[in-house]
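So this block is structure-v5.txt, compact mmCIF, C-alpha atoms:
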```txt
# COMPACT_ATOMS: atom_id res chain seq x y z
CA MET G 1 -26.22 27.56 -36.12
CA GLU G 2 -23.25 25.82 -34.58
CA ASN G 3 -21.77 22.98 -36.60
CA ASN G 4 -21.84 19.90 -34.39
CA ARG G 5 -20.53 17.48 -36.99
CA PHE G 6 -16.97 16.26 -36.45
CA ASP G 7 -14.60 13.59 -37.68
CA VAL G 8 -13.93 12.39 -34.12
CA ILE G 9 -15.54 13.07 -30.76
CA VAL G 10 -13.39 12.50 -27.68
CA LEU G 11 -15.31 11.92 -24.47
CA GLY G 12 -13.25 13.25 -21.57
CA GLY G 13 -10.77 16.11 -21.24
CA GLY G 14 -8.10 14.58 -19.02
CA PRO G 15 -4.58 13.68 -20.18
CA ALA G 16 -5.91 10.84 -22.37
CA GLY G 17 -8.59 12.98 -23.99
CA LEU G 18 -6.32 15.97 -24.54
CA THR G 19 -3.50 13.82 -25.95
CA SER G 20 -5.94 12.19 -28.38
CA ALA G 21 -7.14 15.66 -29.40
CA ILE G 22 -3.57 16.84 -30.04
CA TYR G 23 -2.79 13.90 -32.30
CA LEU G 24 -6.12 13.91 -34.12
CA SER G 25 -6.09 17.66 -34.75
CA ARG G 26 -2.53 17.55 -36.04
CA ALA G 27 -3.74 14.85 -38.46
CA ARG G 28 -6.23 17.46 -39.71
CA LEU G 29 -9.21 15.59 -38.31
CA ARG G 30 -11.99 17.85 -37.04
CA THR G 31 -11.99 16.93 -33.35
CA LEU G 32 -14.37 17.74 -30.51
CA VAL G 33 -13.49 17.08 -26.88
CA LEU G 34 -16.55 16.88 -24.64
CA ASN G 35 -15.69 17.23 -20.97
CA ILE G 36 -17.62 17.14 -17.71
CA GLY G 37 -16.00 19.08 -14.87
CA THR G 38 -12.57 20.65 -14.84
CA ALA G 39 -10.52 19.92 -17.97
CA GLY G 40 -7.42 17.97 -17.01
CA GLY G 41 -9.22 15.17 -15.17
CA GLN G 42 -7.64 13.70 -12.06
CA MET G 43 -4.31 15.27 -13.07
CA VAL G 44 -5.42 18.70 -11.82
CA LEU G 45 -5.79 17.24 -8.34
CA THR G 46 -2.09 16.51 -8.13
CA HIS G 47 -0.22 19.26 -6.38
CA GLU G 48 3.17 18.32 -7.76
CA VAL G 49 4.06 16.21 -10.79
CA VAL G 50 7.74 15.24 -10.75
CA ASN G 51 7.72 12.09 -12.87
CA TYR G 52 6.44 13.37 -16.21
CA PRO G 53 9.38 12.81 -18.58
CA GLY G 54 10.99 16.05 -19.71
CA VAL G 55 9.30 18.11 -17.00
CA GLU G 56 11.27 18.30 -13.79
CA SER G 57 8.47 19.64 -11.65
CA THR G 58 5.10 21.21 -12.29
CA SER G 59 1.62 21.24 -10.83
CA GLY G 60 -1.03 18.98 -12.30
CA TYR G 61 -3.10 22.07 -12.86
CA ALA G 62 -0.36 23.77 -14.91
CA LEU G 63 0.31 20.61 -16.92
CA ALA G 64 -3.40 20.28 -17.71
CA ASN G 65 -3.58 23.91 -18.83
CA THR G 66 -0.64 23.41 -21.18
CA MET G 67 -2.20 20.28 -22.69
CA LYS G 68 -5.46 22.18 -23.16
CA LYS G 69 -3.70 25.08 -24.89
CA GLN G 70 -1.80 22.67 -27.09
CA ALA G 71 -4.93 20.81 -28.19
CA LYS G 72 -6.69 24.09 -29.01
CA SER G 73 -3.66 25.41 -30.91
CA PHE G 74 -3.95 22.50 -33.35
CA GLY G 75 -7.63 23.19 -33.91
CA ALA G 76 -9.37 20.88 -31.44
CA VAL G 77 -12.70 22.18 -30.12
CA LEU G 78 -13.11 21.80 -26.35
CA LYS G 79 -16.60 21.98 -24.87
CA ASN G 80 -17.83 21.55 -21.33
CA ILE G 81 -21.13 19.79 -20.84
CA ALA G 82 -23.11 19.04 -17.68
CA SER G 83 -23.61 15.37 -18.53
CA ILE G 84 -24.28 12.91 -21.35
CA GLN G 85 -27.89 11.94 -21.85
CA GLN G 86 -27.42 9.27 -24.49
CA LEU G 87 -24.81 7.57 -26.66
CA LYS G 88 -25.55 6.10 -30.09
CA LEU G 89 -22.25 4.57 -31.12
CA ASP G 90 -23.33 1.37 -32.85
CA ARG G 91 -23.79 2.99 -36.25
CA ASP G 92 -21.72 4.66 -38.96
CA LEU G 93 -22.68 8.17 -37.89
CA LYS G 94 -22.14 8.16 -34.15
CA GLN G 95 -24.11 10.48 -31.90
CA VAL G 96 -23.44 11.89 -28.46
CA ILE G 97 -26.44 13.64 -26.94
CA SER G 98 -25.71 15.96 -24.04
CA SER G 99 -28.07 16.73 -21.18
CA ASP G 100 -29.17 20.01 -22.79
CA GLY G 101 -30.36 18.06 -25.85
CA THR G 102 -27.52 19.03 -28.18
CA ILE G 103 -26.62 16.27 -30.64
CA TYR G 104 -22.96 15.94 -31.57
CA GLU G 105 -22.10 13.67 -34.50
CA SER G 106 -18.92 12.04 -35.72
CA ASP G 107 -17.51 9.13 -37.69
CA ALA G 108 -15.43 7.87 -34.77
CA VAL G 109 -15.31 8.23 -31.00
CA ILE G 110 -12.54 7.93 -28.42
CA LEU G 111 -13.69 7.13 -24.88
CA ALA G 112 -11.41 8.82 -22.33
CA THR G 113 -13.81 9.23 -19.45
CA GLY G 114 -11.31 8.59 -16.67
CA GLY G 115 -12.16 7.76 -13.06
CA ARG G 116 -12.93 9.23 -9.65
CA SER G 117 -12.60 8.49 -5.95
CA ARG G 118 -15.09 5.92 -4.77
CA GLU G 119 -17.84 6.99 -2.34
CA LEU G 120 -19.20 4.62 0.29
CA GLY G 121 -22.78 5.30 -0.68
CA VAL G 122 -24.20 5.05 2.84
CA GLU G 123 -26.75 7.20 4.58
CA GLY G 124 -25.32 10.40 5.94
CA GLU G 125 -22.33 10.49 3.61
CA ARG G 126 -23.59 13.34 1.44
CA GLN G 127 -25.20 15.13 4.38
CA PHE G 128 -21.91 15.43 6.25
CA LYS G 129 -19.58 15.92 3.29
CA GLY G 130 -17.34 18.82 4.23
CA LYS G 131 -18.86 18.87 7.70
CA GLY G 132 -17.12 15.87 9.16
CA ILE G 133 -16.66 13.60 6.18
CA SER G 134 -13.65 14.13 3.97
CA TYR G 135 -11.76 12.41 1.15
CA CYS G 136 -8.54 14.39 1.48
CA ALA G 137 -6.24 14.25 4.51
CA THR G 138 -3.90 17.00 3.34
CA CYS G 139 -6.84 19.33 2.68
CA ASP G 140 -8.84 18.82 5.83
CA GLY G 141 -6.69 17.10 8.45
CA GLU G 142 -6.08 20.22 10.51
CA PHE G 143 -9.82 20.68 11.13
CA PHE G 144 -9.61 17.54 13.28
CA THR G 145 -6.78 18.58 15.58
CA ASP G 146 -7.05 16.78 18.92
CA LYS G 147 -10.20 15.00 17.77
CA GLU G 148 -11.08 11.34 17.28
CA ILE G 149 -11.63 10.30 13.70
CA ILE G 150 -12.43 7.25 11.61
CA VAL G 151 -10.51 6.24 8.49
CA ILE G 152 -12.29 3.88 6.14
CA GLY G 153 -10.32 1.63 3.80
CA GLY G 154 -7.59 -0.99 3.70
CA GLY G 155 -5.33 -0.05 0.81
CA ASN G 156 -2.19 2.07 0.63
CA SER G 157 -4.10 5.37 0.64
CA ALA G 158 -6.11 4.51 3.74
CA LEU G 159 -3.11 3.29 5.76
CA GLU G 160 -0.73 6.05 4.66
CA GLU G 161 -3.27 8.83 5.13
CA ALA G 162 -4.22 7.45 8.55
CA VAL G 163 -0.58 7.71 9.64
CA SER G 164 -0.38 11.24 8.23
CA LEU G 165 -3.57 12.21 10.10
CA THR G 166 -1.99 11.28 13.43
CA LYS G 167 -0.21 14.66 13.15
CA TYR G 168 -3.57 16.18 14.01
CA ALA G 169 -6.02 13.67 15.46
CA SER G 170 -5.97 12.44 19.04
CA HIS G 171 -6.97 8.97 17.91
CA ILE G 172 -7.81 7.18 14.66
CA THR G 173 -9.87 4.03 14.15
CA ILE G 174 -9.30 2.33 10.81
CA VAL G 175 -12.41 0.50 9.68
CA HIS G 176 -11.98 -2.08 6.92
CA GLN G 177 -14.34 -4.65 5.44
CA PHE G 178 -11.85 -7.52 5.24
CA ASP G 179 -9.77 -9.21 7.94
CA TYR G 180 -6.59 -8.41 6.02
CA PHE G 181 -5.18 -5.30 4.33
CA GLN G 182 -4.53 -4.85 0.63
CA ALA G 183 -1.86 -2.24 1.36
CA PHE G 184 1.87 -2.83 1.01
CA GLU G 185 3.44 -4.40 4.06
CA TYR G 186 5.45 -1.30 5.01
CA ALA G 187 2.24 0.79 5.17
CA VAL G 188 0.49 -1.81 7.32
CA GLU G 189 3.45 -2.04 9.70
CA GLU G 190 3.75 1.72 10.05
CA ALA G 191 0.07 2.01 10.92
CA LYS G 192 0.21 -0.90 13.37
CA GLN G 193 3.17 0.63 15.17
CA ASN G 194 1.46 3.99 15.59
CA ALA G 195 0.07 4.33 19.12
CA LYS G 196 -2.72 6.62 17.96
CA ILE G 197 -4.22 4.06 15.56
CA SER G 198 -6.54 1.17 16.34
CA PHE G 199 -8.35 -1.17 13.96
CA LYS G 200 -11.79 -2.55 13.36
CA LEU G 201 -11.48 -5.22 10.69
CA SER G 202 -14.23 -7.28 9.07
CA SER G 203 -16.39 -4.23 9.60
CA VAL G 204 -18.30 -1.83 7.39
CA ILE G 205 -19.98 1.49 7.93
CA SER G 206 -23.75 1.15 7.74
CA GLN G 207 -24.58 4.77 8.49
CA PHE G 208 -23.03 8.10 9.42
CA LYS G 209 -24.89 9.81 12.24
CA GLY G 210 -25.28 13.26 13.67
CA GLY G 211 -27.60 16.21 13.97
CA ASP G 212 -26.27 19.68 13.30
CA SER G 213 -22.81 18.18 13.36
CA PHE G 214 -21.20 14.84 12.65
CA GLU G 215 -21.29 12.56 15.67
CA GLY G 216 -19.98 9.20 14.50
CA ALA G 217 -20.79 6.07 12.58
CA LEU G 218 -22.72 2.85 12.93
CA ILE G 219 -20.28 0.03 12.32
CA LYS G 220 -21.45 -3.42 11.33
CA ASP G 221 -19.48 -6.61 11.89
CA VAL G 222 -19.68 -8.45 8.55
CA ASN G 223 -19.52 -11.85 10.27
CA THR G 224 -22.03 -11.40 13.08
CA GLY G 225 -24.14 -8.57 11.68
CA GLU G 226 -23.86 -6.81 15.04
CA GLU G 227 -23.92 -3.00 14.87
CA THR G 228 -22.15 -0.69 17.28
CA PHE G 229 -21.91 3.08 17.35
CA LEU G 230 -18.43 4.56 17.17
CA PRO G 231 -18.43 8.21 18.25
CA ALA G 232 -16.08 10.43 16.26
CA SER G 233 -15.67 14.00 15.06
CA GLY G 234 -14.96 13.04 11.49
CA ALA G 235 -14.43 10.29 8.96
CA PHE G 236 -12.00 10.06 6.05
CA ILE G 237 -12.94 7.77 3.19
CA PHE G 238 -10.17 6.10 1.14
CA ILE G 239 -11.75 3.11 -0.58
CA GLY G 240 -10.20 3.29 -3.99
CA TYR G 241 -11.19 4.41 -7.40
CA GLN G 242 -13.97 3.73 -9.87
CA PRO G 243 -14.01 4.26 -13.65
CA ASN G 244 -16.49 6.78 -15.08
CA THR G 245 -18.22 4.24 -17.29
CA GLU G 246 -21.81 4.13 -16.04
CA ILE G 247 -23.03 5.67 -19.31
CA LEU G 248 -21.12 2.99 -21.27
CA LYS G 249 -22.75 0.02 -19.55
CA ASP G 250 -24.75 -1.25 -22.52
CA VAL G 251 -22.65 0.47 -25.13
CA VAL G 252 -19.23 -1.22 -25.18
CA THR G 253 -17.87 -4.30 -23.45
CA LEU G 254 -16.83 -3.64 -19.85
CA ASN G 255 -15.13 -6.03 -17.45
CA LYS G 256 -16.49 -6.91 -14.00
CA TRP G 257 -14.97 -3.74 -12.52
CA GLY G 258 -16.67 -1.54 -15.10
CA GLU G 259 -13.46 -0.91 -17.03
CA ILE G 260 -13.53 -0.66 -20.83
CA VAL G 261 -12.07 -3.71 -22.55
CA VAL G 262 -9.68 -2.76 -25.38
CA ASP G 263 -7.18 -4.57 -27.62
CA ARG G 264 -3.59 -3.44 -28.16
CA ASP G 265 -4.74 -0.81 -30.67
CA MET G 266 -7.11 0.60 -28.02
CA LYS G 267 -10.09 -0.67 -30.01
CA THR G 268 -13.28 -1.40 -28.07
CA SER G 269 -16.00 -3.88 -28.94
CA LEU G 270 -17.59 -1.34 -31.32
CA GLU G 271 -16.39 -0.43 -34.80
CA GLY G 272 -14.97 3.08 -34.90
CA VAL G 273 -14.85 3.39 -31.10
CA TYR G 274 -11.54 3.45 -29.25
CA ALA G 275 -10.64 4.09 -25.62
CA ALA G 276 -7.71 5.24 -23.49
CA GLY G 277 -6.82 6.42 -20.01
CA ASP G 278 -8.00 5.45 -16.54
CA ALA G 279 -11.36 4.10 -17.75
CA ILE G 280 -9.80 1.15 -19.59
CA ALA G 281 -8.89 -2.21 -18.14
CA LYS G 282 -5.25 -1.96 -17.12
CA ARG G 283 -2.97 -2.35 -14.16
CA TYR G 284 -1.13 0.96 -13.85
CA ARG G 285 -2.78 4.34 -13.76
CA GLN G 286 -0.40 7.22 -14.35
CA ILE G 287 -0.44 10.36 -16.48
CA THR G 288 2.20 8.79 -18.71
CA THR G 289 0.24 5.58 -19.30
CA SER G 290 -2.84 7.62 -20.25
CA VAL G 291 -0.79 9.73 -22.66
CA GLY G 292 0.71 6.62 -24.28
CA GLU G 293 -2.62 4.85 -24.67
CA ALA G 294 -4.25 8.00 -26.05
CA THR G 295 -1.51 8.31 -28.68
CA VAL G 296 -2.22 4.75 -29.82
CA ALA G 297 -5.98 5.35 -29.74
CA ALA G 298 -5.67 8.51 -31.83
CA LEU G 299 -3.36 6.95 -34.41
CA SER G 300 -5.58 3.85 -34.61
CA THR G 301 -8.64 6.06 -35.05
CA ALA G 302 -6.97 8.14 -37.75
CA GLY G 303 -5.83 4.99 -39.55
CA TRP G 304 -9.27 3.44 -39.37
CA LEU G 305 -10.97 6.61 -40.65
CA HIS G 306 -8.52 6.86 -43.52
CA GLU G 307 -9.23 3.24 -44.48
CA GLN G 308 -13.01 3.72 -44.26
CA ARG G 309 -12.86 6.78 -46.51
CA ARG G 310 -10.54 5.03 -48.95
CA LYS G 311 -13.04 2.14 -49.22
CA LYS G 312 -15.89 4.56 -49.90
CA VAL G 313 -13.93 6.20 -52.69
CA SER G 314 -13.12 2.77 -54.21
CA VAL G 315 -16.81 1.77 -54.13
CA VAL G 316 -17.83 4.99 -55.85
CA SER G 317 -15.23 4.65 -58.55
CA MET T 1 -1.95 34.25 -4.58
CA LEU T 2 -3.84 31.23 -5.88
CA GLN T 3 -2.89 29.93 -9.33
CA THR T 4 -6.24 30.41 -11.01
CA ASN T 5 -7.53 32.65 -13.79
CA LEU T 6 -10.13 34.16 -11.47
CA THR T 7 -10.14 37.58 -9.84
CA HIS T 8 -7.97 37.27 -6.72
CA VAL T 9 -9.16 38.76 -3.44
CA THR T 10 -6.18 39.05 -1.13
CA THR T 11 -7.25 41.48 1.60
CA ALA T 12 -10.33 42.11 3.72
CA ASN T 13 -10.58 45.55 2.12
CA GLU T 14 -10.62 44.03 -1.37
CA TRP T 15 -13.29 41.61 -0.17
CA LYS T 16 -15.40 44.52 1.12
CA LYS T 17 -14.93 46.43 -2.13
CA ILE T 18 -15.93 43.50 -4.34
CA LEU T 19 -19.14 43.04 -2.34
CA GLU T 20 -19.93 46.76 -2.54
CA GLU T 21 -19.31 46.98 -6.27
CA ASN T 22 -21.13 43.82 -7.37
CA GLU T 23 -24.69 42.68 -6.72
CA ASN T 24 -23.93 38.96 -7.09
CA VAL T 25 -20.62 37.52 -5.92
CA MET T 26 -19.21 34.01 -5.61
CA ILE T 27 -15.96 33.65 -3.67
CA CYS T 28 -14.11 30.36 -3.27
CA CYS T 29 -11.78 30.44 -0.28
CA GLY T 30 -9.31 27.58 -0.46
CA ARG T 31 -5.88 26.31 -1.34
CA MET T 32 -4.51 24.59 -4.47
CA GLY T 33 -5.64 21.15 -3.36
CA PRO T 34 -7.73 18.33 -4.82
CA MET T 35 -11.00 19.58 -3.34
CA CYS T 36 -10.46 23.24 -4.23
CA ILE T 37 -9.09 23.10 -7.78
CA PRO T 38 -12.22 21.54 -9.29
CA VAL T 39 -14.31 24.38 -7.85
CA TYR T 40 -11.98 27.04 -9.33
CA GLY T 41 -12.23 25.19 -12.64
CA VAL T 42 -16.01 25.25 -12.55
CA MET T 43 -15.97 28.96 -11.74
CA GLU T 44 -13.59 29.72 -14.63
CA ASP T 45 -15.83 27.75 -17.00
CA LEU T 46 -19.00 29.52 -15.85
CA GLU T 47 -17.59 33.04 -15.70
CA GLU T 48 -18.26 33.81 -19.36
CA GLU T 49 -21.79 32.45 -19.18
CA TYR T 50 -22.85 34.04 -15.86
CA LYS T 51 -21.89 37.61 -16.68
CA HIS T 52 -24.12 38.98 -13.91
CA VAL T 53 -22.02 37.22 -11.25
CA LYS T 54 -18.56 38.24 -10.05
CA PHE T 55 -16.33 35.20 -9.48
CA ALA T 56 -13.25 35.40 -7.25
CA ASP T 57 -10.90 33.33 -5.15
CA MET T 58 -9.32 34.01 -1.77
CA PRO T 59 -6.42 32.13 -0.17
CA PHE T 60 -7.62 30.19 2.87
CA ASP T 61 -4.38 30.52 4.81
CA SER T 62 -4.14 34.28 4.60
CA PRO T 63 -5.01 36.11 7.86
CA GLU T 64 -7.12 38.45 5.67
CA SER T 65 -9.46 35.53 4.88
CA HIS T 66 -10.91 35.67 8.38
CA VAL T 67 -13.85 37.46 6.76
CA ILE T 68 -14.84 34.09 5.30
CA ARG T 69 -13.20 31.57 7.65
CA ASN T 70 -14.76 33.12 10.73
CA ALA T 71 -18.12 34.02 9.22
CA PRO T 72 -21.13 32.61 11.12
CA GLU T 73 -22.17 30.74 7.99
CA ALA T 74 -18.91 28.79 8.10
CA ARG T 75 -19.58 27.40 11.58
CA GLY T 76 -19.32 23.62 11.38
CA PHE T 77 -17.40 23.70 8.12
CA MET T 78 -14.60 21.14 8.18
CA GLY T 79 -13.77 20.72 4.51
CA LEU T 80 -12.00 22.90 1.98
CA PRO T 81 -12.89 24.98 0.11
CA PHE T 82 -15.33 27.33 1.85
CA THR T 83 -17.44 28.80 -0.96
CA PHE T 84 -19.62 31.83 -0.25
CA TYR T 85 -22.34 33.38 -2.36
CA TYR T 86 -23.30 37.02 -1.70
CA LYS T 87 -26.23 39.12 -2.88
CA ASN T 88 -26.05 42.86 -2.19
CA GLY T 89 -23.30 42.23 0.31
CA LYS T 90 -25.16 39.57 2.32
CA VAL T 91 -24.38 35.84 2.40
CA VAL T 92 -27.15 33.91 0.67
CA LYS T 93 -25.47 30.51 0.53
CA ALA T 94 -22.27 28.90 1.78
CA THR T 95 -20.86 25.45 1.06
CA SER T 96 -18.02 23.38 2.36
CA SER T 97 -15.83 20.94 0.41
CA ILE T 98 -15.88 20.12 -3.27
CA GLN T 99 -18.88 21.00 -5.41
CA ASN T 100 -19.41 19.92 -9.01
CA GLU T 101 -20.64 22.08 -11.86
CA GLN T 102 -24.26 21.04 -11.51
CA GLN T 103 -24.23 21.89 -7.81
CA VAL T 104 -22.67 25.29 -8.43
CA ARG T 105 -25.04 26.08 -11.31
CA SER T 106 -28.01 25.14 -9.14
CA ILE T 107 -26.94 27.61 -6.45
CA LEU T 108 -26.15 30.36 -8.96
CA ASP T 109 -29.53 29.94 -10.65
CA ASP T 110 -31.43 29.76 -7.35
CA GLN T 111 -29.73 32.72 -5.74
CA PHE T 112 -28.82 34.98 -8.65
CA GLY T 113 -31.36 34.05 -11.30
CA GLU T 114 -30.76 32.15 -14.54
CA ASN T 115 -27.78 33.26 -16.58
CA ASN T 116 -29.96 34.86 -19.21
CA GLN T 117 -31.25 37.49 -16.82
```

Take the structure from the file and write it as structure tokens.
Amino acid sequence: MENNRFDVIVLGGGPAGLTSAIYLSRARLRTLVLNIGTAGGQMVLTHEVVNYPGVESTSGYALANTMKKQAKSFGAVLKNIASIQQLKLDRDLKQVISSDGTIYESDAVILATGGRSRELGVEGERQFKGKGISYCATCDGEFFTDKEIIVIGGGNSALEEAVSLTKYASHITIVHQFDYFQAFEYAVEEAKQNAKISFKLSSVISQFKGGDSFEGALIKDVNTGEETFLPASGAFIFIGYQPNTEILKDVVTLNKWGEIVVDRDMKTSLEGVYAAGDAIAKRYRQITTSVGEATVAALSTAGWLHEQRRKKVSVVS
Amino acid sequence: MLQTNLTHVTTANEWKKILEENENVMICCGRMGPMCIPVYGVMEDLEEEYKHVKFADMPFDSPESHVIRNAPEARGFMGLPFTFYYKNGKVVKATSSIQNEQQVRSILDDQFGENNQ
């Protein structure tokens, strides 16, 4: 029978999780990394990484593979699971129960669950995903050559991607919920000066519509409540990012955006539970910030474990 | 050639051969972009477990990939990657855009039987 007892369980196999695993394994702590999806996290989605210190240029995919290899070479165990069913972290022997019923146990846990692109969550979004609705302009822009499309969002991604989509589309309508943009001024100006782009502010999408193919969206004015149909061949959604912390809701303290609250040692509100990476409350989200935080989390965890074990020995003697 | 650890299908002839030689085939036709890479990753993770399925990739931009890009089942597809599932050489399922592990497993189990068969 497989031994599912570890010194530390790391939830998440992105740069934060893999960095934690490297440090913990090198400290001779039996470490398990539990990951959902492709190991490497959001990093693998980056075509080119040119700002990782010491690495002039690489793909996110290649960098993730190297981190994975490194973690394994020091003895870390990496396992893919479909999902987490339950977390029992408020006790000395912490438990992570995966969706297939397997119980993994450890003395400490590092939460490195990362984040993902935000979905709108309106009717029709899943139905037309890949068939009119997209989240990636570079991937799918050419499918909309000479077509009218909608771009949803008001931050840098939405404005910049809308401008980039004008290479293909005949016309773009940017739909945004507020009457102002959160994007940097240069991005707003560039979009405003582009003849192919028009704007519908103070508006939200209430539904995507179509039959066999995508036909457009119902757009609701947030002030008047009035709905109008905007015909289009596609819609690109760029409304930001959300942390993968749903499973942590009643487990550790989260802020109002669902981000894990940590102190400077990456300690959460629970004893023996630390966190790092894009799921924590912080301003800047980069591979390098995740790696730095994960180093602190791993060293803090190792230090805490050492102290706990030292205390046990003192009590016994 | 795509930078994955999967079997690479680069020509229409190779595509034909892989369908002839394998009962159950999953081919992901894409690029190295943010919607495609997660699917390759899922396939690499499942390959060891689903030994009765042949997993492969095919570069979307190659002229040889017309066998997938222009297939009737891809009509209406406007999101990369195009992922095709074949049984005895016939398309049994095709998806567009990113799919997660649960979605891929569900299709594999529905179309090719559970991985213990």

For Ser83 in chain G, which residue among G:Gly41, G:Ile36, G:Val188, G:Thr245 is the nearest when counting all atoms listed in the file? G:Ile36

Could you jot down the CA of Asn244 in chain G to CA of Ser98 in chain G separation for me, Å, one decimal place?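 Pair CA of Asn244 in chain G / CA of Ser98 in chain G returns 15.8 Å.
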
For a quick test of understanding: name the residues of chain G lying within 9 Å of chain T when counting all atoms listed in the file, and present them as a VMD selection string. chain G and resid 36 to 39 42 44 to 47 61 to 62 80 82 129 to 136 138 to 144 212 to 213 234

Residues from the last selection, C-alpha atoms, saved as a CSV table (one decimal), in the frame of the given file:
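The resulting file, again30.csv, is shown below:
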```csv
chain,number,residue,atom,x,y,z
G,36,ILE,CA,-17.6,17.1,-17.7
G,37,GLY,CA,-16.0,19.1,-14.9
G,38,THR,CA,-12.6,20.6,-14.8
G,39,ALA,CA,-10.5,19.9,-18.0
G,42,GLN,CA,-7.6,13.7,-12.1
G,44,VAL,CA,-5.4,18.7,-11.8
G,45,LEU,CA,-5.8,17.2,-8.3
G,46,THR,CA,-2.1,16.5,-8.1
G,47,HIS,CA,-0.2,19.3,-6.4
G,61,TYR,CA,-3.1,22.1,-12.9
G,62,ALA,CA,-0.4,23.8,-14.9
G,80,ASN,CA,-17.8,21.6,-21.3
G,82,ALA,CA,-23.1,19.0,-17.7
G,129,LYS,CA,-19.6,15.9,3.3
G,130,GLY,CA,-17.3,18.8,4.2
G,131,LYS,CA,-18.9,18.9,7.7
G,132,GLY,CA,-17.1,15.9,9.2
G,133,ILE,CA,-16.7,13.6,6.2
G,134,SER,CA,-13.6,14.1,4.0
G,135,TYR,CA,-11.8,12.4,1.2
G,136,CYS,CA,-8.5,14.4,1.5
G,138,THR,CA,-3.9,17.0,3.3
G,139,CYS,CA,-6.8,19.3,2.7
G,140,ASP,CA,-8.8,18.8,5.8
G,141,GLY,CA,-6.7,17.1,8.4
G,142,GLU,CA,-6.1,20.2,10.5
G,143,PHE,CA,-9.8,20.7,11.1
G,144,PHE,CA,-9.6,17.5,13.3
G,212,ASP,CA,-26.3,19.7,13.3
G,213,SER,CA,-22.8,18.2,13.4
G,234,GLY,CA,-15.0,13.0,11.5
```

Listed atoms of range 242-256 of chain G, axis-aligned box, 5 Å per side: centre and edge lengths to one decimal in Å, as AutoDock Vina command-line options?
```
--center_x -19.4 --center_y -0.1 --center_z -17.5 --size_x 20.8 --size_y 23.7 --size_z 25.3
```

Closest of G:His171, G:Met67, G:Ile152, G:Val49 to Gly14 in chain G - atom-to-atom distances counting only C-alpha atoms: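 Going through G:His171, G:Met67, G:Ile152, G:Val49 one by one, the smallest distance to Gly14 in chain G is for G:Met67.
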
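Checking T:Val67, T:Tyr86, T:Ser106, T:Met58 one by one against Thr10 in chain T, counting only C-alpha atoms, you find the shortest gap at T:Met58.
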
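Between CA of Asn70 in chain T and CA of Trp15 in chain T the interatomic distance comes to 13.9 Å.
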
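Distances here use all atoms listed in the file; by that measure, the residue among G:Gly277, G:Gly155, G:Gly12, G:Gly75 closest to Ser290 in chain G is G:Gly277.
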
Give me the residues near Thr11 in chain T as an mmCIF file with C-alpha atoms, keeping the file's coordinate frame, where near means some atom within 12 Å (using all atoms listed in the file) and where sequence neighbours in that chain fewer than 3 positions away do not count.
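Listed below is the output, out.cif:
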```cif
data_model
loop_
_atom_site.group_PDB
_atom_site.id
_atom_site.type_symbol
_atom_site.label_atom_id
_atom_site.label_comp_id
_atom_site.auth_asym_id
_atom_site.auth_seq_id
_atom_site.Cartn_x
_atom_site.Cartn_y
_atom_site.Cartn_z
ATOM 1 C CA MET T 1 -1.950 34.250 -4.580
ATOM 2 C CA HIS T 8 -7.970 37.270 -6.720
ATOM 3 C CA GLU T 14 -10.620 44.030 -1.370
ATOM 4 C CA TRP T 15 -13.290 41.610 -0.170
ATOM 5 C CA LYS T 16 -15.400 44.520 1.120
ATOM 6 C CA LYS T 17 -14.930 46.430 -2.130
ATOM 7 C CA ILE T 18 -15.930 43.500 -4.340
ATOM 8 C CA ASP T 57 -10.900 33.330 -5.150
ATOM 9 C CA MET T 58 -9.320 34.010 -1.770
ATOM 10 C CA PRO T 59 -6.420 32.130 -0.170
ATOM 11 C CA PHE T 60 -7.620 30.190 2.870
ATOM 12 C CA ASP T 61 -4.380 30.520 4.810
ATOM 13 C CA SER T 62 -4.140 34.280 4.600
ATOM 14 C CA PRO T 63 -5.010 36.110 7.860
ATOM 15 C CA GLU T 64 -7.120 38.450 5.670
ATOM 16 C CA SER T 65 -9.460 35.530 4.880
ATOM 17 C CA HIS T 66 -10.910 35.670 8.380
ATOM 18 C CA VAL T 67 -13.850 37.460 6.760
ATOM 19 C CA ILE T 68 -14.840 34.090 5.300
#
```

Atomic separation - CA of Ala71 in chain G relative to CA of Trp304 in chain G, Å: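 Result for CA of Trp304 in chain G versus CA of Ala71 in chain G: 21.1 Å, one decimal.
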
Could you list, as a PyMOL selection string, every residue within 6 Å of range 26-28 of chain T, counting all atoms listed in the file and ignoring same-chain residues fewer than 4 positions away? chain T and resi 55-57+83-85

Between G:Ala298, G:Leu120, G:Leu32, G:Ala232, single out the one closest to Ile81 in chain G, counting all atoms listed in the file.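 Distance minimum relative to Ile81 in chain G lands on G:Leu32.
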
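Within 7 Å of Ser203 in chain G, once all atoms listed in the file are used and residues closer than 4 positions along the same chain are dropped, the contacting residues are G:Val175, G:His176, G:Gln177, G:Ile219, G:Lys220, G:Asp221, G:Val222.
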
Which one is closest to Glu73 in chain T: T:Val104, T:Ala94, T:Leu2, T:Cys29? Count only C-alpha atoms.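 Selected residue with least distance to Glu73 in chain T: T:Ala94.
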
Name all residues at most 6 Å from range 255-267 of chain G (count all atoms listed in the file; drop same-chain ones fewer than 5 positions away) and give them as a ChimeraX atom specification. /G:274-275,279-281,297

Take the residues from that selection and write them out as a PDB file, keeping the file's coordinate frame, keeping C-alpha atoms.
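Once everything was written out, this is result-v7.pdb:
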```
ATOM      1  CA  TYR G 274     -11.540   3.450 -29.250  1.00  0.00           C
ATOM      2  CA  ALA G 275     -10.640   4.090 -25.620  1.00  0.00           C
ATOM      3  CA  ALA G 279     -11.360   4.100 -17.750  1.00  0.00           C
ATOM      4  CA  ILE G 280      -9.800   1.150 -19.590  1.00  0.00           C
ATOM      5  CA  ALA G 281      -8.890  -2.210 -18.140  1.00  0.00           C
ATOM      6  CA  ALA G 297      -5.980   5.350 -29.740  1.00  0.00           C
TER       7      ALA G 297
END
```
